[in-house]
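Just target_32.cif here, mmCIF, C-alpha atoms:
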data_query
#
loop_
_atom_site.label_atom_id
_atom_site.label_comp_id
_atom_site.auth_asym_id
_atom_site.auth_seq_id
_atom_site.Cartn_x
_atom_site.Cartn_y
_atom_site.Cartn_z
CA MET K 1 228.68 183.63 -155.23
CA ASP K 2 229.00 182.68 -158.90
CA THR K 3 230.14 179.24 -160.00
CA VAL K 4 233.38 179.46 -161.99
CA ALA K 5 233.48 175.81 -162.95
CA SER K 6 231.70 172.61 -162.01
CA PHE K 7 232.55 168.97 -162.58
CA THR K 8 231.06 165.54 -162.25
CA ILE K 9 232.57 162.08 -162.06
CA GLY K 10 230.73 159.47 -164.07
CA TYR K 11 230.47 155.81 -163.04
CA ARG K 12 230.30 152.89 -165.48
CA GLN K 13 228.97 149.42 -164.73
CA ILE K 14 227.42 147.05 -167.28
CA LEU K 15 227.37 143.70 -165.43
CA ASP K 16 226.28 143.73 -161.81
CA PRO K 17 227.71 141.27 -159.26
CA ASP K 18 225.01 138.72 -160.15
CA GLY K 19 225.97 138.77 -163.83
CA ARG K 20 222.93 140.78 -164.93
CA VAL K 21 223.20 143.43 -167.64
CA VAL K 22 222.35 146.81 -166.09
CA ASP K 23 223.42 149.17 -168.89
CA ALA K 24 223.68 149.15 -172.68
CA LEU K 25 226.16 146.59 -173.98
CA PRO K 26 228.99 147.93 -176.15
CA GLU K 27 229.24 146.33 -179.60
CA PHE K 28 232.16 144.05 -178.68
CA ALA K 29 230.16 142.57 -175.80
CA LYS K 30 227.47 141.31 -178.20
CA ASP K 31 229.92 138.64 -179.39
CA PRO K 32 229.84 135.71 -176.91
CA ALA K 33 233.11 134.33 -178.30
CA LEU K 34 234.95 137.51 -177.34
CA LEU K 35 233.47 137.39 -173.84
CA VAL K 36 234.55 133.76 -173.49
CA ASP K 37 238.07 134.82 -174.47
CA LEU K 38 238.03 137.51 -171.76
CA TYR K 39 236.81 134.98 -169.20
CA GLN K 40 239.46 132.45 -170.18
CA ARG K 41 242.20 135.06 -169.89
CA MET K 42 240.99 136.04 -166.42
CA SER K 43 240.72 132.42 -165.38
CA PHE K 44 244.22 131.61 -166.63
CA THR K 45 245.62 134.55 -164.66
CA ARG K 46 243.95 133.28 -161.50
CA VAL K 47 245.33 129.76 -161.98
CA PHE K 48 248.80 131.23 -162.46
CA ASP K 49 248.42 133.46 -159.41
CA THR K 50 247.35 130.56 -157.20
CA LYS K 51 250.34 128.53 -158.36
CA ALA K 52 252.76 131.41 -157.76
CA VAL K 53 251.57 131.80 -154.16
CA ALA K 54 252.00 128.05 -153.65
CA LEU K 55 255.56 128.26 -155.01
CA GLN K 56 256.36 131.03 -152.54
CA ARG K 57 254.88 129.09 -149.64
CA THR K 58 257.08 126.11 -150.48
CA GLY K 59 260.27 128.18 -150.73
CA LYS K 60 260.56 128.10 -154.52
CA LEU K 61 259.80 131.80 -155.08
CA GLY K 62 260.66 135.02 -153.27
CA THR K 63 258.12 137.50 -151.96
CA TYR K 64 255.26 137.64 -154.47
CA ALA K 65 252.52 140.22 -155.08
CA SER K 66 249.25 138.44 -155.81
CA CYS K 67 246.74 139.82 -158.34
CA LEU K 68 243.75 137.94 -156.89
CA GLY K 69 240.59 139.97 -157.53
CA HIS K 70 242.20 142.33 -160.06
CA GLU K 71 241.78 140.11 -163.11
CA ALA K 72 239.04 142.11 -164.85
CA ALA K 73 240.89 145.42 -164.59
CA HIS K 74 244.17 143.95 -165.75
CA ILE K 75 242.83 141.89 -168.67
CA ALA K 76 240.81 144.85 -169.94
CA ILE K 77 243.89 147.08 -169.93
CA GLY K 78 245.89 144.55 -171.94
CA VAL K 79 243.13 143.88 -174.47
CA ALA K 80 242.45 147.59 -175.05
CA MET K 81 246.08 148.40 -175.88
CA ARG K 82 247.85 147.95 -179.21
CA PRO K 83 251.30 146.33 -179.39
CA GLU K 84 252.92 149.67 -180.26
CA ASP K 85 251.52 151.36 -177.15
CA VAL K 86 253.66 151.43 -174.01
CA PHE K 87 252.60 149.79 -170.78
CA CYS K 88 254.05 151.04 -167.49
CA PRO K 89 252.85 148.64 -164.78
CA MET K 90 253.50 148.57 -161.07
CA TYR K 91 254.04 145.06 -159.74
CA ARG K 92 250.92 142.92 -160.01
CA GLU K 93 249.45 143.55 -163.49
CA TYR K 94 250.30 140.08 -164.82
CA GLY K 95 247.00 139.68 -166.65
CA ALA K 96 247.66 142.75 -168.79
CA GLN K 97 251.20 141.59 -169.45
CA PHE K 98 250.12 138.08 -170.43
CA VAL K 99 247.79 139.62 -173.00
CA ARG K 100 250.74 141.61 -174.34
CA GLY K 101 252.86 138.48 -174.72
CA VAL K 102 254.83 138.25 -171.46
CA LYS K 103 255.32 134.61 -170.45
CA PRO K 104 254.50 133.52 -166.89
CA ARG K 105 258.02 132.10 -166.54
CA HIS K 106 259.38 135.66 -166.69
CA VAL K 107 257.07 136.79 -163.89
CA LEU K 108 258.36 133.88 -161.81
CA LEU K 109 261.98 134.66 -162.66
CA TYR K 110 261.53 138.24 -161.48
CA TRP K 111 259.98 137.27 -158.15
CA GLY K 112 262.53 134.49 -157.86
CA GLY K 113 265.28 137.12 -157.80
CA ASP K 114 266.53 136.67 -161.35
CA GLU K 115 266.70 139.98 -163.25
CA ARG K 116 266.33 138.13 -166.53
CA GLY K 117 262.65 138.14 -165.72
CA ASN K 118 262.67 141.79 -166.78
CA ASP K 119 263.94 140.75 -170.22
CA PHE K 120 260.49 139.44 -170.92
CA THR K 121 258.75 138.43 -174.08
CA GLY K 122 256.18 140.84 -175.41
CA PRO K 123 256.73 144.45 -176.51
CA LYS K 124 260.32 145.30 -175.64
CA HIS K 125 259.41 148.94 -175.17
CA ASP K 126 257.09 148.11 -172.24
CA LEU K 127 258.60 148.98 -168.89
CA PRO K 128 259.53 146.35 -166.30
CA TRP K 129 257.80 145.92 -162.95
CA CYS K 130 258.03 149.03 -160.79
CA VAL K 131 258.17 148.51 -157.03
CA PRO K 132 258.82 152.21 -156.19
CA ILE K 133 255.36 153.68 -155.73
CA ALA K 134 253.94 155.81 -158.60
CA THR K 135 257.23 156.56 -160.39
CA GLN K 136 255.92 154.58 -163.35
CA CYS K 137 253.31 157.31 -163.89
CA LEU K 138 256.07 159.78 -164.70
CA HIS K 139 257.70 157.27 -167.03
CA ALA K 140 254.42 156.90 -168.89
CA ALA K 141 253.93 160.66 -169.14
CA GLY K 142 257.46 160.98 -170.51
CA ALA K 143 256.81 158.28 -173.10
CA ALA K 144 253.56 160.01 -174.05
CA LEU K 145 255.42 163.29 -174.54
CA ALA K 146 257.86 161.53 -176.86
CA PHE K 147 254.98 160.10 -178.89
CA LYS K 148 253.48 163.54 -179.29
CA LEU K 149 256.77 165.16 -180.30
CA ARG K 150 257.38 162.40 -182.86
CA HIS K 151 253.79 162.57 -184.16
CA GLU K 152 253.39 158.85 -183.43
CA PRO K 153 249.82 157.55 -182.90
CA ARG K 154 250.77 155.67 -179.75
CA VAL K 155 249.50 155.80 -176.18
CA ALA K 156 251.22 155.27 -172.82
CA VAL K 157 249.27 153.56 -170.05
CA SER K 158 250.30 153.43 -166.40
CA VAL K 159 248.74 151.63 -163.46
CA VAL K 160 248.92 152.84 -159.88
CA GLY K 161 247.14 151.77 -156.72
CA ASP K 162 244.83 153.82 -154.53
CA GLY K 163 247.71 154.57 -152.17
CA GLY K 164 250.02 155.43 -155.05
CA SER K 165 247.56 158.03 -156.28
CA SER K 166 248.51 160.10 -153.22
CA LYS K 167 252.14 160.36 -154.32
CA THR K 168 253.55 163.50 -155.92
CA ASP K 169 254.79 161.44 -158.87
CA PHE K 170 251.20 160.63 -159.78
CA TYR K 171 250.13 164.29 -159.54
CA ALA K 172 253.12 165.41 -161.60
CA ALA K 173 252.26 162.88 -164.30
CA ILE K 174 248.63 163.96 -164.64
CA ASN K 175 249.63 167.63 -164.54
CA SER K 176 252.08 167.08 -167.40
CA ALA K 177 249.54 165.04 -169.34
CA GLY K 178 246.98 167.81 -169.05
CA ALA K 179 249.34 170.72 -169.71
CA PHE K 180 250.76 169.16 -172.88
CA THR K 181 247.63 167.25 -174.01
CA LEU K 182 249.54 163.99 -173.93
CA PRO K 183 248.34 160.57 -175.14
CA TYR K 184 248.39 159.23 -171.58
CA VAL K 185 245.92 157.02 -169.71
CA GLY K 186 246.48 156.70 -165.99
CA VAL K 187 244.59 153.83 -164.38
CA ILE K 188 244.08 153.86 -160.61
CA VAL K 189 243.32 150.33 -159.49
CA ASN K 190 241.50 151.15 -156.27
CA ASN K 191 241.60 147.88 -154.35
CA GLN K 192 240.62 149.63 -151.09
CA TRP K 193 243.87 148.96 -149.19
CA ALA K 194 247.34 150.51 -149.49
CA ILE K 195 248.98 147.61 -147.64
CA SER K 196 247.35 148.16 -144.20
CA VAL K 197 245.94 151.67 -144.80
CA PRO K 198 242.26 151.69 -145.83
CA ARG K 199 241.00 153.82 -148.70
CA SER K 200 239.05 155.97 -146.21
CA ALA K 201 242.28 157.06 -144.49
CA GLN K 202 244.24 157.86 -147.65
CA THR K 203 242.54 161.02 -148.92
CA GLY K 204 239.70 163.41 -148.25
CA ALA K 205 238.60 163.15 -151.89
CA GLU K 206 235.21 161.52 -152.47
CA THR K 207 236.61 159.65 -155.48
CA LEU K 208 240.14 159.00 -156.69
CA ALA K 209 239.13 159.73 -160.27
CA GLN K 210 238.51 163.39 -159.44
CA LYS K 211 242.25 163.84 -158.93
CA GLY K 212 242.53 163.79 -162.71
CA LEU K 213 240.24 166.83 -162.96
CA ALA K 214 242.95 168.96 -161.35
CA GLY K 215 245.20 168.12 -164.29
CA GLY K 216 242.49 168.86 -166.84
CA LEU K 217 242.09 165.21 -167.79
CA GLN K 218 238.94 163.30 -168.62
CA SER K 219 238.20 161.42 -165.43
CA LEU K 220 235.72 158.73 -164.50
CA GLN K 221 235.11 155.81 -162.19
CA VAL K 222 234.33 152.28 -163.34
CA ASP K 223 233.42 148.99 -161.68
CA GLY K 224 236.83 147.34 -161.83
CA ASN K 225 235.29 143.88 -161.31
CA ASP K 226 233.19 144.24 -164.47
CA VAL K 227 235.45 143.36 -167.39
CA ILE K 228 232.94 144.58 -169.98
CA ALA K 229 232.66 148.07 -168.46
CA MET K 230 236.37 148.16 -167.83
CA LEU K 231 237.24 147.28 -171.43
CA ALA K 232 234.72 149.79 -172.77
CA VAL K 233 236.16 152.73 -170.82
CA MET K 234 239.74 151.69 -171.59
CA GLN K 235 239.04 151.49 -175.31
CA GLU K 236 237.34 154.88 -175.27
CA ALA K 237 240.16 156.54 -173.31
CA ILE K 238 242.95 155.00 -175.38
CA GLU K 239 241.40 155.83 -178.74
CA ARG K 240 240.60 159.36 -177.60
CA ALA K 241 244.24 159.81 -176.59
CA ARG K 242 245.41 158.27 -179.88
CA ARG K 243 243.34 160.79 -181.84
CA GLY K 244 244.98 163.69 -179.99
CA GLY K 245 242.07 164.28 -177.64
CA GLY K 246 244.21 164.21 -174.50
CA GLY K 247 244.67 162.01 -171.49
CA SER K 248 242.40 160.33 -168.98
CA VAL K 249 242.35 159.10 -165.42
CA ILE K 250 240.30 155.96 -164.83
CA GLU K 251 239.55 154.79 -161.31
CA ALA K 252 238.82 151.05 -161.36
CA VAL K 253 237.01 150.17 -158.15
CA THR K 254 237.89 146.64 -157.12
CA TYR K 255 239.13 144.77 -154.05
CA ARG K 256 242.39 143.06 -153.11
CA LEU K 257 241.20 139.58 -152.15
CA SER K 258 244.70 138.48 -151.18
CA ASP K 259 247.37 139.76 -148.83
CA HIS K 260 249.30 142.75 -150.21
CA THR K 261 252.21 140.41 -150.83
CA THR K 262 253.19 137.04 -149.44
CA ALA K 263 255.16 138.98 -146.77
CA ASP K 264 251.88 140.47 -145.49
CA ASP K 265 249.07 139.09 -143.30
CA ALA K 266 245.90 141.04 -144.10
CA ARG K 267 244.02 139.34 -141.26
CA ARG K 268 245.81 141.71 -138.90
CA TYR K 269 244.06 144.81 -140.24
CA ARG K 270 240.80 143.91 -142.02
CA GLY K 271 237.77 141.93 -140.99
CA GLU K 272 236.53 138.61 -142.35
CA ASP K 273 233.08 140.04 -143.12
CA GLU K 274 234.58 142.68 -145.42
CA VAL K 275 236.54 140.08 -147.37
CA LYS K 276 233.55 137.73 -147.55
CA GLU K 277 231.40 140.52 -148.98
CA ALA K 278 234.11 141.35 -151.53
CA TRP K 279 234.18 137.74 -152.74
CA ALA K 280 230.50 138.12 -153.66
CA ARG K 281 231.50 140.89 -156.10
CA GLU K 282 234.61 139.26 -157.60
CA PRO K 283 235.09 139.50 -161.38
CA LEU K 284 235.19 135.90 -162.59
CA LYS K 285 231.97 134.81 -160.93
CA ARG K 286 229.84 137.54 -162.49
CA LEU K 287 231.09 137.04 -166.06
CA ARG K 288 230.71 133.28 -165.75
CA LYS K 289 227.09 133.73 -164.67
CA TYR K 290 226.44 135.96 -167.66
CA LEU K 291 228.09 133.53 -170.08
CA GLU K 292 226.05 130.67 -168.64
CA SER K 293 222.89 132.70 -169.15
CA LEU K 294 223.85 132.99 -172.84
CA GLY K 295 224.58 129.26 -173.11
CA ALA K 296 228.21 130.10 -173.92
CA TRP K 297 229.75 128.41 -170.86
CA ASP K 298 229.00 125.49 -168.56
CA GLU K 299 230.59 123.32 -165.90
CA ALA K 300 232.10 120.88 -168.42
CA ARG K 301 233.85 123.72 -170.27
CA GLU K 302 234.93 125.21 -166.95
CA GLN K 303 236.64 122.01 -165.84
CA ALA K 304 238.28 121.42 -169.24
CA TRP K 305 239.61 124.97 -169.31
CA LYS K 306 240.97 124.79 -165.77
CA GLU K 307 242.78 121.56 -166.60
CA GLN K 308 244.31 123.19 -169.69
CA CYS K 309 245.37 126.22 -167.64
CA GLY K 310 246.97 123.92 -165.09
CA ARG K 311 248.99 122.14 -167.79
CA GLU K 312 250.13 125.43 -169.36
CA VAL K 313 251.12 126.90 -166.00
CA ASP K 314 253.05 123.73 -165.13
CA VAL K 315 255.11 124.15 -168.33
CA GLU K 316 255.95 127.70 -167.28
CA VAL K 317 256.78 126.71 -163.71
CA ASN K 318 259.11 123.97 -164.92
CA ALA K 319 260.82 126.41 -167.30
CA TYR K 320 261.39 128.75 -164.34
CA LEU K 321 262.66 126.05 -162.01
CA GLU K 322 265.00 124.64 -164.65
CA THR K 323 266.58 128.03 -165.47
CA LYS K 324 270.22 127.95 -164.41
CA SER K 325 271.67 130.79 -162.38
CA GLN K 326 273.74 133.39 -164.17
CA PRO K 327 277.53 133.50 -163.65
CA ILE K 328 278.60 135.89 -160.89
CA GLU K 329 280.09 138.41 -163.36
CA ALA K 330 276.56 139.11 -164.63
CA ILE K 331 276.17 141.38 -161.57
CA PHE K 332 278.77 143.72 -163.07
CA ASP K 333 278.58 143.30 -166.85
CA PHE K 334 275.41 145.11 -167.86
CA LEU K 335 275.62 148.60 -166.33
CA TYR K 336 278.69 150.19 -167.93
CA ALA K 337 280.13 149.86 -171.44
CA GLU K 338 283.53 150.16 -169.77
CA ALA K 339 283.49 149.40 -166.06
CA PRO K 340 285.03 152.07 -163.73
CA HIS K 341 288.15 151.01 -161.84
CA ASP K 342 286.35 150.25 -158.55
CA ILE K 343 283.65 148.18 -160.27
CA ALA K 344 286.28 146.27 -162.23
CA ALA K 345 288.13 145.57 -158.97
CA GLN K 346 284.93 144.28 -157.34
CA ARG K 347 284.31 142.05 -160.34
CA ALA K 348 287.79 140.57 -160.03
CA GLN K 349 287.26 140.01 -156.30
CA ALA K 350 283.98 138.25 -156.95
CA LEU K 351 285.54 135.96 -159.53
CA ALA K 352 288.37 135.19 -157.12
CA TRP K 353 285.88 134.43 -154.35
CA GLU K 354 283.94 132.14 -156.63
CA GLY K 355 287.17 130.41 -157.56
CA ARG K 356 287.85 129.75 -153.89
CA ALA K 357 284.29 128.61 -153.31
CA HIS K 358 284.68 126.01 -156.03
CA GLY K 359 288.34 125.30 -155.33
#
Turn the structure described in the file into structure tokens.
Amino acid sequence: MDTVASFTIGYRQILDPDGRVVDALPEFAKDPALLVDLYQRMSFTRVFDTKAVALQRTGKLGTYASCLGHEAAHIAIGVAMRPEDVFCPMYREYGAQFVRGVKPRHVLLYWGGDERGNDFTGPKHDLPWCVPIATQCLHAAGAALAFKLRHEPRVAVSVVGDGGSSKTDFYAAINSAGAFTLPYVGVIVNNQWAISVPRSAQTGAETLAQKGLAGGLQSLQVDGNDVIAMLAVMQEAIERARRGGGGSVIEAVTYRLSDHTTADDARRYRGEDEVKEAWAREPLKRLRKYLESLGAWDEAREQAWKEQCGREVDVEVNAYLETKSQPIEAIFDFLYAEAPHDIAAQRAQALAWEGRAHG
């Protein structure tokens, strides 16, 4: 039998879990100051994440999706993108959004049940958090098609989880991106668990990256806990797409160190040994070790930075807690230019009810 076509999936890792360089450093990684900036951004995201979980546990926040363990993948995505690009996240990519200018107070507002959290700072063309699984991939492909039709040198980036990569929306997005040579980068953050379903039970595919091959996209796997490798592959994929070279699928292999959300208890379906082993590979520890080996970071700087992060997060938390609720008519006032009769009647009823409640 002849071979009609053959494919391979490459794997990129530059820093191993012990912070040792195992492959050629890209040019940006030869600047210790830039690496310190990446580390500080990851560290800030973790401080925020820890505080958000604490707020939920004390009844000051609704159900919250932690990003613990995903910091390298998320920060790299944000740093690789330009402001004019479009980011289509799912629901835990806060690190990428912070890089793009979203304030932590808006993340808290969203998970606190206030839709004004979606009116975030940062690029207004970025899409809000997407709880439906994988639909954001189609939104990104649609945005990428618009960029191509308008001859705009912009790129759309979506993020989906390992479970989400099994959804038809994901496949439709990569098929469109390949068929029309769209400036689209689809990142699969493979954190090994789709809520309680392990990666091994989600697909028969050896890698998740190879799903992009079916759409004709450049596809590769990267150590998602290695921020240097992650940033390198994101920069390459985004600039290739910007030049008209077509889309990519990047599988970032990482681990969800937290529960899926604060409504979940991961202890019910995964073992302590697995989680303990994953902590040995987490992203902050390895970059810190490398920075310390360069003399660019130490314990004194670590403590000073953590204290600064704590103060900045406290400002954001206070801004969230001090935000007054919207008036009840806000439920009705932002969907229609002219409200239909039944919606107008419901609005009047709500105002009347509120009048009685305060009467």
Quick one: which region 100-215 of chain K residues come within 9 Å of region 62-85 of chain K, and what is the nearest atom pair for each with the distance in Å to one decimal, counting all atoms listed in the file, rows ordered by chain and ascending number, as a Markdown table?
| residue | atom | partner | partner_atom | distance |
| --- | --- | --- | --- | --- |
| K:Arg100 | CA | K:Gly78 | CA | 6.2 |
| K:Leu108 | CA | K:Tyr64 | CA | 8.8 |
| K:Tyr110 | CA | K:Gly62 | CA | 8.9 |
| K:Trp111 | CA | K:Gly62 | CA | 5.4 |
| K:Gly112 | CA | K:Gly62 | CA | 5.0 |
| K:Gly113 | CA | K:Gly62 | CA | 6.8 |
| K:Gly122 | CA | K:Pro83 | CA | 8.4 |
| K:Pro123 | CA | K:Pro83 | CA | 6.4 |
| K:His125 | CA | K:Glu84 | CA | 8.3 |
| K:Asp126 | CA | K:Asp85 | CA | 8.1 |
| K:Pro153 | CA | K:Asp85 | CA | 8.6 |
| K:Arg154 | CA | K:Asp85 | CA | 5.1 |
| K:Val155 | CA | K:Asp85 | CA | 5.0 |
| K:Ala156 | CA | K:Asp85 | CA | 5.8 |
| K:Val157 | CA | K:Asp85 | CA | 7.8 |
| K:Val187 | CA | K:Ile77 | CA | 8.8 |
| K:Val189 | CA | K:Ala73 | CA | 7.5 |
| K:Asn191 | CA | K:His70 | CA | 8.0 |
**Request:** Tell me which protein, DNA and RNA residues are within 9 Å of Tyr39 (chain K), counting all atoms listed in the file, leaving out same-chain ones fewer than 4 positions away, and put them as a ChimeraX atom specification.
**Result:** /K:34-35,43-44,72,227,284,287-288,291
**Message:** For a quick check of understanding, using only C-alpha atoms, which of K:Trp305, K:Phe147, K:Tyr171, K:Phe120 has the smallest distance to Ala134 (chain K)?
**Reply:**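 For Ala134 (chain K), the nearest of the given residues is K:Tyr171.
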**Item:** Atom pair CA of Gly117 (chain K) / CA of Lys324 (chain K): separation (Å)
**Value:**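 A separation of 12.8 Å between them.
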**Message:** Please list as a PyMOL selection string every residue within 12 Å of Glu292 (chain K), counting all atoms listed in the file and excluding residues in the same chain fewer than 3 positions away.
**Reply:** chain K and resi 18-20+32+35-36+39+285-289+295-302
Mind dumping the selected residues with C-alpha atoms as a PDB file, keeping the file's coordinate frame?
ATOM      1  CA  ASP K  18     225.010 138.720-160.150  1.00  0.00           C
ATOM      2  CA  GLY K  19     225.970 138.770-163.830  1.00  0.00           C
ATOM      3  CA  ARG K  20     222.930 140.780-164.930  1.00  0.00           C
ATOM      4  CA  PRO K  32     229.840 135.710-176.910  1.00  0.00           C
ATOM      5  CA  LEU K  35     233.470 137.390-173.840  1.00  0.00           C
ATOM      6  CA  VAL K  36     234.550 133.760-173.490  1.00  0.00           C
ATOM      7  CA  TYR K  39     236.810 134.980-169.200  1.00  0.00           C
ATOM      8  CA  LYS K 285     231.970 134.810-160.930  1.00  0.00           C
ATOM      9  CA  ARG K 286     229.840 137.540-162.490  1.00  0.00           C
ATOM     10  CA  LEU K 287     231.090 137.040-166.060  1.00  0.00           C
ATOM     11  CA  ARG K 288     230.710 133.280-165.750  1.00  0.00           C
ATOM     12  CA  LYS K 289     227.090 133.730-164.670  1.00  0.00           C
ATOM     13  CA  GLY K 295     224.580 129.260-173.110  1.00  0.00           C
ATOM     14  CA  ALA K 296     228.210 130.100-173.920  1.00  0.00           C
ATOM     15  CA  TRP K 297     229.750 128.410-170.860  1.00  0.00           C
ATOM     16  CA  ASP K 298     229.000 125.490-168.560  1.00  0.00           C
ATOM     17  CA  GLU K 299     230.590 123.320-165.900  1.00  0.00           C
ATOM     18  CA  ALA K 300     232.100 120.880-168.420  1.00  0.00           C
ATOM     19  CA  ARG K 301     233.850 123.720-170.270  1.00  0.00           C
ATOM     20  CA  GLU K 302     234.930 125.210-166.950  1.00  0.00           C
TER      21      GLU K 302
END
**Request:** Go through the shown structure with the PyMOL selection byres ((chain K and resi 133) around 8) and write out the matching residues as a PyMOL selection string.
**Result:** chain K and resi 90+130-132+134-136+160+164+167
**Message:** What's around region 248-260 of chain K at 7 Å? Count only C-alpha atoms, leave out sequence neighbours fewer than 3 positions away in its own chain, and write the answer as a VMD selection string.
**Reply:** chain K and resid 65 to 66 68 to 70 73 184 to 192 195 208 to 209 212 217 to 225 237 264 to 266 275 278
